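> Take a look at the following structure, please.
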Amino acid sequence: MNKKEISEIRKLLSKDNCRIDRISSCYVDGHKEKKAQMSQSFLTIPDEEMFKYTDIFKKTLSGTLGKNLINLSYSLDEELTGDHQKLLLGLRDSELKDEALLDLFYDRMIETYVYAENYLIILVHGMYDIPKKSSNNEEEFDASEDVYSFLLCCVCPVNLSKAGLMYDGTSNSFVDKIQDWMLGMPDLGFLYPAFNDRNTDIHSLLYYSKNAGMLHTEITDELLGAGAPTPAADQKTGFNVLVEDTFGDDCSFEVVKSIHDNLMTLMEEKKEEPDPLTLDQRDVRILLENSGAKEEHMEHFEEEYSASTGDQPSMMASNLTSTRSFEVKLPDITVKVSPDRTDLIETRVLEDGREYLVIPFDEEIEVNGIRIHSGRNNAE
């Protein structure tokens with residue numbers, strides 16, 4: 001799914017445009033025991049509660065593609081011989097009205113999910129008459145031919161509220177606050193089937209993890225059976241190792257700056273496209289060659305790519321370099337500049353033979369929040 005498709009489905013999760021027809025949930029304690037199970041029509045829920053639920057649902061479809069929102073696909077072997085996908089299809093097709101399937105899903109989630117505290121498993125089912133798009137990209141709501149039937153799962157922590165004092169208007173005083181078990185925003189979740197090319201794709205799903213650095217691969221592997229994605233941080237680490245191995249002793253400041261600048265240019269060129277920019281092995285090779293890699297550097301590129309990246313079919317460009325800042329780090333100093341102003345930093349060998357980072361400045365500068373004057377201005 002791309003950003004536009006995710007946005008289209010998120011709109012179905014609001015109170016005023018709700019396409020959800022049923023909600024089921026299972027409350028689990030820290031000992032992996034079921035404390036309560038609930039199932040009902042979503043539209044019978046009071047408005048105040050419905051608003052809070054829809055916030056949770058929309059959060060499950062929020063984040064950055066390739067980091068904590070990840071497209072997963074089922075392998076042919078899983079579709080032929082596995083039962084993970086079949087369970088999800090059964091839940092969707094039953095519209096969450098099959099208690100046996102719900103119990104089976106809850107049991108598998110409880111057995112699989114690594115979490116030591118209380119949490120709530122939420123499942124919702126929805127139906128969407130997909131409007132056609134006209135030639136000028138306008139939605140034609142009276143020309144719908146396909147229906148998207150979907151299942152959304154959210155797994156949310158349930159934590160005890162903080163102790164404290166609260167104002168009691170009856171006694172006109174501050175009294176001890178009663179602690180309650182509060183439902184938090186989702187830790188993980190998924191949308192199945194995926195909404196690819198604005199239609200149902202039972203071969204794929206969209207997976208969400210609140211923490212991009214901890215994707216809960218036990219869920220993607222064992223519960224969903226769709227394979228563990230490579231975390232964004234691991235993609236960047238693998239790419240960094242590849243660059244260092246490829247250039248060896250020639251991995252200079254200018255080389256790394258050139259790679260960063262070229263990646264930023266590629267992402268800028270593709271920023272209007274709904275799909276985030278991904279690079280396969282060939283794209284990475286071209287990137288390194290355009291950044292200064294010579295023929296001798298690329299002699300063992302295929303082997304180095306496989307060893308450093310785990311032979312990933314593709315990597316998200318935004319995972320390979322920071323889009324927020326360009327960072328130069330020494331043991332005791334870290335310098336950060338805007339990612340599109342790497343021209344502000346250069347290296348230079350001075351008369352003493354040592355190499356220095358050089359940062360020219362002509363405008364006002366602050367040190368510890370204090371505006372200072374440059375030595376040049378004092379000399380003038």
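For the structure tokens, the naming scheme is as follows: chains receive sequential letters (A, B, ...) according to their order of presentation, residues are indexed from 1 within each chain, and ligands are indexed from 1 in presentation order.
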For the structure I just gave you, how does DSSP split segment 62-285 of chain A - specifically, which residues are strand (DSSP E or B)? Reply as number ranges by chain.
A: 65, 69-73, 119-130, 132-133, 139-140, 146-160, 165-168, 173-176, 181-183, 188-192, 194-196, 199-201, 204-209, 278-279
> Got a sec: who's within 9 Å of Tyr119 of chain A, counting only C-alpha atoms, leaving out chain neighbours fewer than 5 positions off, as a VMD selection string?
chain A and resid 26 to 30 155 to 159 183 to 184
> Write the residues of the selection above to a file with all heavy atoms, as a JSON list (two decimals), in the first residue's frame.

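Done, and the output landed in out08.json:
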```
[["chain", "number", "residue", "atom", "x", "y", "z"],
["A", 26, "CYS", "N", -10.53, -8.84, 23.32],
["A", 26, "CYS", "CA", -10.16, -9.78, 24.37],
["A", 26, "CYS", "C", -9.15, -9.11, 25.29],
["A", 26, "CYS", "O", -8.09, -8.65, 24.83],
["A", 26, "CYS", "CB", -9.57, -11.05, 23.77],
["A", 26, "CYS", "SG", -9.05, -12.29, 24.98],
["A", 27, "TYR", "N", -9.47, -9.03, 26.57],
["A", 27, "TYR", "CA", -8.61, -8.40, 27.56],
["A", 27, "TYR", "C", -7.74, -9.48, 28.22],
["A", 27, "TYR", "O", -8.26, -10.47, 28.73],
["A", 27, "TYR", "CB", -9.47, -7.68, 28.60],
["A", 27, "TYR", "CG", -8.70, -6.96, 29.70],
["A", 27, "TYR", "CD1", -7.48, -6.34, 29.44],
["A", 27, "TYR", "CD2", -9.22, -6.88, 30.99],
["A", 27, "TYR", "CE1", -6.79, -5.69, 30.44],
["A", 27, "TYR", "CE2", -8.54, -6.22, 31.99],
["A", 27, "TYR", "CZ", -7.32, -5.62, 31.71],
["A", 27, "TYR", "OH", -6.62, -4.97, 32.72],
["A", 28, "VAL", "N", -6.42, -9.27, 28.17],
["A", 28, "VAL", "CA", -5.46, -10.27, 28.65],
["A", 28, "VAL", "C", -4.60, -9.65, 29.75],
["A", 28, "VAL", "O", -4.15, -8.51, 29.63],
["A", 28, "VAL", "CB", -4.55, -10.73, 27.48],
["A", 28, "VAL", "CG1", -3.62, -11.86, 27.95],
["A", 28, "VAL", "CG2", -5.38, -11.18, 26.29],
["A", 29, "ASP", "N", -4.38, -10.41, 30.84],
["A", 29, "ASP", "CA", -3.54, -9.89, 31.92],
["A", 29, "ASP", "C", -2.08, -10.30, 31.72],
["A", 29, "ASP", "O", -1.73, -10.98, 30.76],
["A", 29, "ASP", "CB", -4.06, -10.32, 33.29],
["A", 29, "ASP", "CG", -3.92, -11.82, 33.55],
["A", 29, "ASP", "OD1", -3.18, -12.51, 32.81],
["A", 29, "ASP", "OD2", -4.57, -12.32, 34.50],
["A", 30, "GLY", "N", -1.23, -9.86, 32.65],
["A", 30, "GLY", "CA", 0.20, -10.11, 32.55],
["A", 30, "GLY", "C", 0.60, -11.56, 32.69],
["A", 30, "GLY", "O", 1.75, -11.92, 32.43],
["A", 155, "VAL", "N", -3.43, -4.03, 18.97],
["A", 155, "VAL", "CA", -3.06, -4.59, 20.27],
["A", 155, "VAL", "C", -2.57, -3.43, 21.14],
["A", 155, "VAL", "O", -1.54, -2.81, 20.85],
["A", 155, "VAL", "CB", -1.96, -5.66, 20.13],
["A", 155, "VAL", "CG1", -1.62, -6.26, 21.50],
["A", 155, "VAL", "CG2", -2.41, -6.76, 19.18],
["A", 156, "CYS", "N", -3.34, -3.14, 22.20],
["A", 156, "CYS", "CA", -3.10, -1.93, 22.99],
["A", 156, "CYS", "C", -2.74, -2.28, 24.44],
["A", 156, "CYS", "O", -3.40, -3.13, 25.06],
["A", 156, "CYS", "CB", -4.34, -1.05, 23.00],
["A", 156, "CYS", "SG", -4.96, -0.62, 21.37],
["A", 157, "PRO", "N", -1.74, -1.61, 25.00],
["A", 157, "PRO", "CA", -1.42, -1.82, 26.42],
["A", 157, "PRO", "C", -2.52, -1.28, 27.31],
["A", 157, "PRO", "O", -3.20, -0.31, 26.97],
["A", 157, "PRO", "CB", -0.12, -1.04, 26.61],
["A", 157, "PRO", "CG", -0.17, 0.03, 25.56],
["A", 157, "PRO", "CD", -0.87, -0.60, 24.37],
["A", 158, "VAL", "N", -2.72, -1.93, 28.46],
["A", 158, "VAL", "CA", -3.67, -1.45, 29.46],
["A", 158, "VAL", "C", -2.87, -1.23, 30.75],
["A", 158, "VAL", "O", -2.39, -2.18, 31.37],
["A", 158, "VAL", "CB", -4.80, -2.47, 29.71],
["A", 158, "VAL", "CG1", -5.75, -1.96, 30.77],
["A", 158, "VAL", "CG2", -5.54, -2.76, 28.41],
["A", 159, "ASN", "N", -2.70, 0.04, 31.12],
["A", 159, "ASN", "CA", -1.85, 0.40, 32.26],
["A", 159, "ASN", "C", -2.64, 1.07, 33.36],
["A", 159, "ASN", "O", -3.65, 1.75, 33.11],
["A", 159, "ASN", "CB", -0.72, 1.33, 31.80],
["A", 159, "ASN", "CG", 0.18, 0.69, 30.77],
["A", 159, "ASN", "OD1", 0.59, -0.46, 30.92],
["A", 159, "ASN", "ND2", 0.48, 1.41, 29.70],
["A", 183, "LEU", "N", -6.74, 2.26, 28.81],
["A", 183, "LEU", "CA", -6.35, 1.72, 27.52],
["A", 183, "LEU", "C", -5.47, 2.71, 26.78],
["A", 183, "LEU", "O", -5.84, 3.88, 26.62],
["A", 183, "LEU", "CB", -7.60, 1.41, 26.69],
["A", 183, "LEU", "CG", -7.41, 0.75, 25.33],
["A", 183, "LEU", "CD1", -6.79, -0.63, 25.47],
["A", 183, "LEU", "CD2", -8.74, 0.68, 24.59],
["A", 184, "GLY", "N", -4.31, 2.25, 26.34],
["A", 184, "GLY", "CA", -3.37, 3.12, 25.64],
["A", 184, "GLY", "C", -3.45, 2.96, 24.13],
["A", 184, "GLY", "O", -4.21, 2.15, 23.60]]
```
> Could you check the closest approach to His203 of chain A for each of A:Ser161, A:Gln312, A:Thr237, A:Asn71 and tell me which residue wins, using only C-alpha atoms?
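Nearest to His203 of chain A: A:Asn71.
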> Show which residues sit within 9 Å of segment 83-95 of chain A, as a list in words. Count only C-alpha atoms, and ignore same-chain residues fewer than 6 positions away.
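That gives Asp21, Arg22, Tyr74, Leu101, Leu102, Leu104, Phe105, Val124, His125, Gly126, Ser149, Phe150, Leu151, Tyr192, Pro193, Ile202, His203, Glu222, Leu223, Leu224, Gly225 and Ala226 of chain A.
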> So that I can see what lies close to segment 207-212 of chain A, please list as a CSV table (one decimal) with C-alpha atoms, in the first residue's frame the residues with an atom at most 6 Å from it, counting only C-alpha atoms and leaving out residues fewer than 2 positions away in the same chain.

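Output file selection.csv is given in full below:
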```csv
chain,number,residue,atom,x,y,z
A,67,LYS,CA,9.8,2.2,9.2
A,68,ASN,CA,6.8,1.4,11.4
A,69,LEU,CA,4.3,0.8,8.6
A,70,ILE,CA,5.4,-2.1,6.5
A,187,ASP,CA,1.7,-1.2,20.4
A,188,LEU,CA,1.2,-3.1,17.1
A,189,GLY,CA,-1.5,-4.0,14.6
A,190,PHE,CA,-2.3,-4.9,11.0
A,214,MET,CA,11.3,-3.4,17.8
A,215,LEU,CA,8.9,-4.8,15.2
```
> Could you tell me how far atom CA of Asn368 of chain A lies from atom CA of Phe326 of chain A, in Å and to one decimal?
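Atom CA of Asn368 of chain A sits 20.9 Å away from atom CA of Phe326 of chain A.
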> Restricting the calculation to only C-alpha atoms, which member of A:Glu327, A:Glu346, A:Glu269, A:Glu244 is positioned closest to Phe301 of chain A?
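Result for the nearest residue to Phe301 of chain A: A:Glu244.
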> Please, what distance in Å, to one decimal, runs between atom CA of Ser24 of chain A and atom CA of Tyr128 of chain A?
19.0 Å
> Excluding Pro339 of chain A and any residue of its chain fewer than 6 positions from it, enumerate the residues within 12 Å of it, using only C-alpha atoms, and give them as JSON, numbers by chain.
{"A": [257, 258, 259, 260, 261, 262, 263, 264, 265, 268, 321, 322, 323, 324, 325, 326, 327, 328, 345]}
> For Glu296 of chain A, find every residue with an atom within 10 Å (counting only C-alpha atoms), except residues of its own chain fewer than 4 positions away, and show them as a PyMOL selection string.
chain A and resi 246-247+300-301
